[in-house]
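Source file: run20.pdb (PDB, C-alpha atoms)
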```
ATOM      1  CA  MET A 823       1.399  24.976  15.681
ATOM      2  CA  THR A 824       3.798  25.710  18.535
ATOM      3  CA  ARG A 825       5.087  22.145  18.683
ATOM      4  CA  GLU A 826       5.848  22.183  14.952
ATOM      5  CA  LEU A 827       8.148  25.187  15.079
ATOM      6  CA  PRO A 828      11.840  24.297  14.631
ATOM      7  CA  PRO A 829      14.644  25.490  16.922
ATOM      8  CA  LEU A 830      15.733  29.079  16.282
ATOM      9  CA  ASP A 831      19.362  30.036  16.897
ATOM     10  CA  CYS A 832      19.862  33.731  16.227
ATOM     11  CA  HIS A 833      23.632  33.848  16.805
ATOM     12  CA  ALA A 834      26.166  31.071  16.238
ATOM     13  CA  HIS A 835      29.646  30.735  14.768
ATOM     14  CA  ILE A 836      29.965  28.227  11.925
ATOM     15  CA  ALA A 837      33.060  27.610   9.807
ATOM     16  CA  PRO A 838      32.679  29.290   6.409
ATOM     17  CA  ASP A 839      33.754  26.067   4.680
ATOM     18  CA  VAL A 840      31.166  23.903   6.464
ATOM     19  CA  THR A 841      30.069  21.075   4.189
ATOM     20  CA  PRO A 842      26.504  20.515   2.958
ATOM     21  CA  THR A 843      26.428  17.278   4.958
ATOM     22  CA  GLN A 844      27.381  19.124   8.141
ATOM     23  CA  VAL A 845      24.747  21.772   7.468
ATOM     24  CA  ARG A 846      22.051  19.142   6.957
ATOM     25  CA  ALA A 847      22.980  17.648  10.340
ATOM     26  CA  LEU A 848      21.751  20.871  11.960
ATOM     27  CA  GLU A 849      18.223  20.476  10.584
ATOM     28  CA  PRO A 850      15.507  21.289  11.437
ATOM     29  CA  ALA A 851      17.050  24.270  13.246
ATOM     30  CA  TRP A 852      17.296  27.667  11.616
ATOM     31  CA  VAL A 853      20.647  29.263  12.425
ATOM     32  CA  PHE A 854      21.864  32.819  11.936
ATOM     33  CA  ALA A 855      25.567  32.216  11.278
ATOM     34  CA  VAL A 856      27.819  35.178  12.045
ATOM     35  CA  THR A 857      31.222  35.754  10.481
ATOM     36  CA  ARG A 858      34.269  37.264  12.154
ATOM     37  CA  SER A 859      35.917  39.085   9.247
ATOM     38  CA  LEU A 860      35.288  40.387   5.761
ATOM     39  CA  ALA A 861      37.418  37.525   4.446
ATOM     40  CA  GLU A 862      34.989  35.032   5.992
ATOM     41  CA  SER A 863      32.045  37.101   4.791
ATOM     42  CA  SER A 864      33.366  37.073   1.240
ATOM     43  CA  TYR A 865      33.779  33.297   1.396
ATOM     44  CA  VAL A 866      30.120  32.725   2.324
ATOM     45  CA  ALA A 867      28.568  35.559   0.299
ATOM     46  CA  THR A 868      27.232  33.279  -2.430
ATOM     47  CA  ARG A 869      26.392  30.245  -0.280
ATOM     48  CA  GLN A 870      22.754  29.190  -0.329
ATOM     49  CA  ASP A 871      22.353  26.818   2.596
ATOM     50  CA  LEU A 872      18.793  25.706   3.253
ATOM     51  CA  ASN A 873      18.777  26.375   6.997
ATOM     52  CA  LEU A 874      21.527  28.975   7.525
ATOM     53  CA  ILE A 875      21.323  32.752   7.269
ATOM     54  CA  TRP A 876      24.888  33.988   6.921
ATOM     55  CA  GLY A 877      26.014  37.358   8.258
ATOM     56  CA  VAL A 878      28.601  39.844   7.042
ATOM     57  CA  GLY A 879      30.731  40.840   9.996
ATOM     58  CA  CYS A 880      33.836  42.237  11.637
ATOM     59  CA  HIS A 881      34.235  40.873  15.158
ATOM     60  CA  PRO A 882      35.448  43.652  17.470
ATOM     61  CA  ALA A 883      37.653  41.278  19.487
ATOM     62  CA  SER A 884      39.602  40.162  16.405
ATOM     63  CA  ALA A 885      42.578  42.415  15.713
ATOM     64  CA  SER A 886      43.137  40.817  12.319
ATOM     65  CA  ALA A 887      39.496  41.419  11.349
ATOM     66  CA  ARG A 888      39.751  45.053  12.406
ATOM     67  CA  ASN A 889      43.079  45.588  10.655
ATOM     68  CA  THR A 890      41.741  44.227   7.369
ATOM     69  CA  PHE A 891      38.343  45.925   7.509
ATOM     70  CA  ASP A 892      37.663  48.063   4.450
ATOM     71  CA  GLU A 893      34.532  50.163   4.019
ATOM     72  CA  THR A 894      34.473  49.763   0.239
ATOM     73  CA  GLU A 895      34.677  45.986   0.535
ATOM     74  CA  PHE A 896      31.996  45.940   3.232
ATOM     75  CA  ARG A 897      29.631  47.963   1.067
ATOM     76  CA  ARG A 898      30.377  45.694  -1.896
ATOM     77  CA  LEU A 899      29.471  42.608   0.125
ATOM     78  CA  LEU A 900      26.426  44.041   1.891
ATOM     79  CA  PRO A 901      23.822  43.459  -0.888
ATOM     80  CA  ASN A 902      24.479  39.712  -0.607
ATOM     81  CA  PHE A 903      23.243  39.581   2.985
ATOM     82  CA  ALA A 904      20.065  40.044   5.011
ATOM     83  CA  PHE A 905      22.074  39.924   8.237
ATOM     84  CA  ILE A 906      25.057  41.802   9.680
ATOM     85  CA  GLY A 907      26.998  40.014  12.386
ATOM     86  CA  GLU A 908      29.088  39.882  14.325
ATOM     87  CA  ILE A 909      29.818  43.543  14.956
ATOM     88  CA  GLY A 910      30.080  45.751  18.030
ATOM     89  CA  LEU A 911      32.544  46.728  20.749
ATOM     90  CA  ASP A 912      34.680  44.669  23.141
ATOM     91  CA  ARG A 913      36.408  46.330  26.101
ATOM     92  CA  ARG A 914      39.068  43.637  26.541
ATOM     93  CA  ALA A 915      40.230  43.837  22.927
ATOM     94  CA  GLY A 916      41.678  47.346  23.240
ATOM     95  CA  ALA A 917      41.966  49.793  20.329
ATOM     96  CA  MET A 918      38.555  51.168  21.277
ATOM     97  CA  ALA A 919      38.867  54.163  18.964
ATOM     98  CA  ASP A 920      39.372  51.826  15.999
ATOM     99  CA  GLN A 921      36.500  49.625  17.151
ATOM    100  CA  LYS A 922      34.150  52.597  17.346
ATOM    101  CA  LYS A 923      35.223  53.858  13.928
ATOM    102  CA  ILE A 924      34.439  50.486  12.340
ATOM    103  CA  LEU A 925      31.112  50.156  14.152
ATOM    104  CA  ARG A 926      30.067  53.648  13.073
ATOM    105  CA  THR A 927      31.057  52.867   9.486
ATOM    106  CA  ILE A 928      28.967  49.692   9.507
ATOM    107  CA  LEU A 929      25.971  51.366  11.125
ATOM    108  CA  GLY A 930      26.215  54.172   8.595
ATOM    109  CA  ALA A 931      26.238  51.714   5.695
ATOM    110  CA  ALA A 932      23.232  49.911   7.179
ATOM    111  CA  GLN A 933      21.050  53.012   7.439
ATOM    112  CA  GLU A 934      17.847  52.768   5.391
ATOM    113  CA  GLU A 935      18.754  49.184   4.404
ATOM    114  CA  PRO A 936      16.505  46.186   5.234
ATOM    115  CA  LEU A 937      18.788  44.222   7.550
ATOM    116  CA  LEU A 938      19.118  42.477  10.889
ATOM    117  CA  LEU A 939      22.224  43.366  12.924
ATOM    118  CA  SER A 940      23.716  41.230  15.716
ATOM    119  CA  VAL A 941      25.707  43.490  18.041
ATOM    120  CA  HIS A 942      28.395  42.365  20.521
ATOM    121  CA  SER A 943      28.915  44.446  23.682
ATOM    122  CA  ALA A 944      31.238  42.498  26.023
ATOM    123  CA  GLY A 945      32.409  44.856  28.745
ATOM    124  CA  ALA A 946      31.170  47.796  26.695
ATOM    125  CA  THR A 947      27.406  47.812  27.056
ATOM    126  CA  SER A 948      27.140  51.519  27.836
ATOM    127  CA  ALA A 949      29.371  52.465  24.905
ATOM    128  CA  VAL A 950      27.378  50.249  22.536
ATOM    129  CA  VAL A 951      24.109  51.817  23.678
ATOM    130  CA  ASN A 952      25.637  55.241  23.001
ATOM    131  CA  GLU A 953      26.624  54.239  19.463
ATOM    132  CA  LEU A 954      23.244  52.720  18.675
ATOM    133  CA  ALA A 955      21.393  55.699  20.108
ATOM    134  CA  ASP A 956      23.336  57.895  17.679
ATOM    135  CA  ASN A 957      22.801  55.483  14.764
ATOM    136  CA  PRO A 958      19.525  53.635  15.412
ATOM    137  CA  HIS A 959      18.307  50.877  13.109
ATOM    138  CA  PRO A 960      15.044  48.886  13.285
ATOM    139  CA  GLY A 961      16.881  45.567  12.925
ATOM    140  CA  ILE A 962      19.146  45.765  15.986
ATOM    141  CA  ILE A 963      19.666  42.580  18.044
ATOM    142  CA  LEU A 964      21.823  42.955  21.153
ATOM    143  CA  HIS A 965      23.684  39.649  21.470
ATOM    144  CA  TRP A 966      24.436  38.295  24.985
ATOM    145  CA  PHE A 967      23.668  41.713  26.469
ATOM    146  CA  ARG A 968      24.716  42.068  30.107
ATOM    147  CA  GLY A 969      24.016  45.742  30.605
ATOM    148  CA  THR A 970      22.694  47.486  33.677
ATOM    149  CA  THR A 971      19.129  48.588  34.270
ATOM    150  CA  ASN A 972      20.271  52.051  33.234
ATOM    151  CA  ASP A 973      21.687  50.672  29.974
ATOM    152  CA  LEU A 974      18.356  48.993  29.253
ATOM    153  CA  SER A 975      16.491  52.216  29.960
ATOM    154  CA  ARG A 976      18.754  54.180  27.633
ATOM    155  CA  ALA A 977      18.325  51.536  24.919
ATOM    156  CA  ALA A 978      14.533  51.691  25.121
ATOM    157  CA  PRO A 979      14.096  54.573  22.624
ATOM    158  CA  PHE A 980      15.593  52.529  19.763
ATOM    159  CA  ASP A 981      13.732  49.396  20.930
ATOM    160  CA  PRO A 982      16.306  46.650  20.303
ATOM    161  CA  PHE A 983      15.702  42.928  20.458
ATOM    162  CA  PHE A 984      17.960  40.662  22.551
ATOM    163  CA  SER A 985      19.411  37.274  21.637
ATOM    164  CA  VAL A 986      19.989  35.310  24.835
ATOM    165  CA  ASN A 987      21.667  32.057  25.829
ATOM    166  CA  ALA A 988      21.856  29.671  28.761
ATOM    167  CA  ALA A 989      25.048  31.229  30.157
ATOM    168  CA  MET A 990      23.094  34.337  31.147
ATOM    169  CA  THR A 991      21.807  34.674  34.698
ATOM    170  CA  ASP A 992      18.171  34.559  35.710
ATOM    171  CA  VAL A 993      18.428  38.205  36.749
ATOM    172  CA  GLU A 994      19.794  39.223  33.332
ATOM    173  CA  LEU A 995      17.131  37.236  31.503
ATOM    174  CA  GLY A 996      14.324  38.371  33.780
ATOM    175  CA  ALA A 997      15.118  42.028  33.114
ATOM    176  CA  LEU A 998      14.202  41.645  29.435
ATOM    177  CA  ASP A 999      10.746  42.026  27.925
ATOM    178  CA  PRO A1000       9.693  38.551  26.676
ATOM    179  CA  ALA A1001       8.332  40.250  23.538
ATOM    180  CA  ARG A1002      11.874  41.312  22.620
ATOM    181  CA  VAL A1003      13.766  38.071  23.294
ATOM    182  CA  LEU A1004      15.340  35.736  20.726
ATOM    183  CA  THR A1005      17.266  32.529  21.449
ATOM    184  CA  GLU A1006      20.908  31.850  20.569
ATOM    185  CA  THR A1007      23.719  29.412  21.310
ATOM    186  CA  ASP A1008      26.760  31.561  20.468
ATOM    187  CA  PHE A1009      28.272  28.207  19.505
ATOM    188  CA  PRO A1010      31.045  27.217  20.174
ATOM    189  CA  ALA A1011      30.971  29.179  23.443
ATOM    190  CA  ARG A1012      31.146  26.476  26.125
ATOM    191  CA  ARG A1013      29.176  28.209  28.866
ATOM    192  CA  THR A1014      25.971  28.216  26.820
ATOM    193  CA  SER A1015      25.621  24.400  27.151
ATOM    194  CA  ALA A1016      25.137  23.998  23.385
ATOM    195  CA  ARG A1017      27.066  21.184  21.724
ATOM    196  CA  ARG A1018      26.158  22.327  18.229
ATOM    197  CA  PRO A1019      24.505  25.303  16.539
ATOM    198  CA  GLY A1020      20.757  25.214  16.931
ATOM    199  CA  GLN A1021      20.792  23.355  20.261
ATOM    200  CA  ILE A1022      18.652  25.882  22.116
ATOM    201  CA  ALA A1023      16.892  23.570  24.583
ATOM    202  CA  PRO A1024      18.979  24.823  27.558
ATOM    203  CA  ILE A1025      17.976  28.457  27.073
ATOM    204  CA  GLU A1026      14.370  27.523  26.298
ATOM    205  CA  ARG A1027      14.166  25.693  29.633
ATOM    206  CA  LYS A1028      15.596  28.676  31.511
ATOM    207  CA  LEU A1029      13.164  31.061  29.863
ATOM    208  CA  ALA A1030      10.251  28.719  30.577
ATOM    209  CA  THR A1031      11.068  28.832  34.284
ATOM    210  CA  ILE A1032      11.562  32.597  34.365
ATOM    211  CA  TRP A1033       8.462  33.378  32.318
ATOM    212  CA  GLY A1034       6.228  30.774  33.945
ATOM    213  CA  ARG A1035       5.468  29.073  30.626
ATOM    214  CA  ASN A1036       6.226  25.725  29.014
ATOM    215  CA  VAL A1037       9.005  25.318  26.453
ATOM    216  CA  TYR A1038       6.552  25.151  23.554
ATOM    217  CA  GLU A1039       5.111  28.515  24.543
ATOM    218  CA  VAL A1040       8.631  29.916  24.818
ATOM    219  CA  ARG A1041       9.503  28.790  21.306
ATOM    220  CA  PHE A1042       6.291  30.239  19.920
ATOM    221  CA  GLN A1043       7.030  33.553  21.657
ATOM    222  CA  VAL A1044      10.542  33.651  20.186
ATOM    223  CA  TRP A1045       9.290  32.939  16.668
ATOM    224  CA  THR A1046       6.608  35.596  17.111
ATOM    225  CA  ASN A1047       9.306  38.041  18.162
ATOM    226  CA  LEU A1048      11.378  37.271  15.069
ATOM    227  CA  ARG A1049       8.281  37.780  12.944
ATOM    228  CA  VAL A1050       7.794  41.235  14.476
ATOM    229  CA  LEU A1051      11.470  42.138  14.082
ATOM    230  CA  THR A1052      11.783  41.028  10.463
ATOM    231  CA  ALA A1053       8.619  42.903   9.519
ATOM    232  CA  ARG A1054       9.797  46.039  11.306
ATOM    233  CA  ALA A1055      13.206  45.877   9.627
ATOM    234  CA  GLY A1056      11.655  45.169   6.228
ATOM    235  CA  VAL A1057      13.899  42.159   5.741
ATOM    236  CA  LEU A1058      11.387  39.369   5.059
ATOM    237  CA  ASP A1059      11.878  39.509   1.295
ATOM    238  CA  LYS A1060      15.638  39.003   1.709
ATOM    239  CA  LEU A1061      15.331  35.863   3.824
ATOM    240  CA  PRO A1062      15.236  32.315   2.407
ATOM    241  CA  ASP A1063      11.747  31.550   1.126
ATOM    242  CA  ALA A1064      11.245  28.679   3.566
ATOM    243  CA  LEU A1065      12.075  30.881   6.557
ATOM    244  CA  ALA A1066       9.947  33.764   5.310
ATOM    245  CA  ASP A1067       7.024  31.389   4.778
ATOM    246  CA  GLN A1068       7.466  30.010   8.297
ATOM    247  CA  LEU A1069       7.416  33.521   9.743
ATOM    248  CA  LEU A1070       4.363  34.562   7.749
ATOM    249  CA  GLU A1071       2.458  31.611   9.194
ATOM    250  CA  ILE A1072       3.018  32.788  12.787
TER     251      ILE A1072
END
```
Show how you would write the structure in this file as structure tokens.
Amino acid sequence: MTRELPPLDCHAHIAPDVTPTQVRALEPAWVFAVTRSLAESSYVATRQDLNLIWGVGCHPASASARNTFDETEFRRLLPNFAFIGEIGLDRRAGAMADQKKILRTILGAAQEEPLLLSVHSAGATSAVVNELADNPHPGIILHWFRGTTNDLSRAAPFDPFFSVNAAMTDVELGALDPARVLTETDFPARRTSARRPGQIAPIERKLATIWGRNVYEVRFQVWTNLRVLTARAGVLDKLPDALADQLLEI
């Protein structure tokens, strides 16, 4: 069973106008494809790609995405998605008050909704933990989280999952509970060693070494974790049938 599971990429950037041929080239991987702005989200809202789960997002590091964010439009788009991403806070981007306002708006709209949420926290891990502690959601995934031990302790009450990639250090990866880890590429980020979305072998190898398991056991653990998360968030019925069936077989 473990060897039959496909690659699972829980955070990657894919052009909204990607062609069906390009999408098929990513098979058999399942990819959670984040968007950077509501304009991108609107473009993909009605796409039905066999192996992609598109997200509705507003990237905190994008000034244009922040400046064009509109709560009414976000709420209009939200029913089309099982996944929110990419959202969060980014210290280097400035305008932190605006970033926090948008994040709070999104978290407020997500309350009581069956969703997964991929949250960015570059340089702002403590602030992100604060926001999520005030607005917890059962579908939270902390993407590329590089917080301190104290940040992890403060995050424990809302029990987030973590999507990790090969650019993270052994210390960062080793601090995470294997039962809460998901794999990602953050494509096209160069440091993650992924040449395309879904190419998760580099992070699987790192986790295998850290956890003292083989790569097949790592992949099975990650799929098991996604099964737990999707059930907890109540989002299984909103996922593509093929992915939901795969998860129910775990």
d(atom CA of A:Pro829, atom CA of A:Gly1020) in Å | 6.1 Å
Taking only C-alpha atoms into account, produce a table as JSON lines in which each residue of stretch 854-912 of chain A with an atom at most 10 Å from an atom of stretch 987-1011 of chain A appears once, together with its shortest atom pair and the distance in Å to one decimal, ordered by chain and rising number.
```
{"residue": "A:Phe854", "atom": "CA", "partner": "A:Glu1006", "partner_atom": "CA", "distance": 8.7}
{"residue": "A:Ala855", "atom": "CA", "partner": "A:Asp1008", "partner_atom": "CA", "distance": 9.3}
{"residue": "A:Val856", "atom": "CA", "partner": "A:Asp1008", "partner_atom": "CA", "distance": 9.2}
```
Hits of the PyMOL selection byres ((chain A and resi 930) around 12) in this structure, as a VMD selection string = chain A and resid 893 896 to 897 922 to 929 931 to 935 953 to 954 956 to 959
With a cut-off of 12 Å, could you pull out the residues of stretch 938-1018 of chain A touching stretch 857-875 of chain A and give me the nearest pair of atoms for each, distance in Å to one decimal, using all atoms listed in the file, ordered by chain and ascending number, as a Markdown table?
```
| residue | atom | partner | partner_atom | distance |
| --- | --- | --- | --- | --- |
| A:Leu938 | CA | A:Ile875 | CA | 10.6 |
| A:Ser940 | CA | A:Thr857 | CA | 10.7 |
| A:His942 | CA | A:Arg858 | CA | 11.4 |
| A:Asp1008 | CA | A:Thr857 | CA | 11.7 |
```
Resolved residues for the PyMOL selection byres ((chain A and resi 909-912) around 9) as number ranges by chain = A: 858, 878-883, 906-908, 913-916, 918, 921-922, 924-925, 928, 939-947, 949-950
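Each of A:Val951, A:Val853, A:Ala1023, A:His833 was checked against A:Leu1065 using all atoms listed in the file; the smallest atom-to-atom distance is that of A:Val853.
The residues returned by the PyMOL selection byres ((chain A and resi 1069) around 8) on the shown structure are A:Trp1045, A:Thr1046, A:Leu1048, A:Arg1049, A:Leu1065, A:Ala1066, A:Asp1067, A:Gln1068, A:Leu1070, A:Glu1071, A:Ile1072.
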Please put the answer as AutoDock Vina command-line options: centre and edge lengths, in Å with one decimal, of a box along x, y and z that encloses all listed atoms of stretch 1035-1049 of chain A plus 3 Å on each side.
```
--center_x 8.2 --center_y 31.6 --center_z 21.8 --size_x 12.3 --size_y 18.9 --size_z 23.7
```
State, in Å with one decimal place, the distance from atom CA of A:Arg898 to atom CA of A:Leu1058.
->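 Interatomic distance, atom CA of A:Arg898 to atom CA of A:Leu1058: 21.2 Å.
Take atom CA of A:Ala837 and atom CA of A:Ile962: the distance between them is 23.7 Å.
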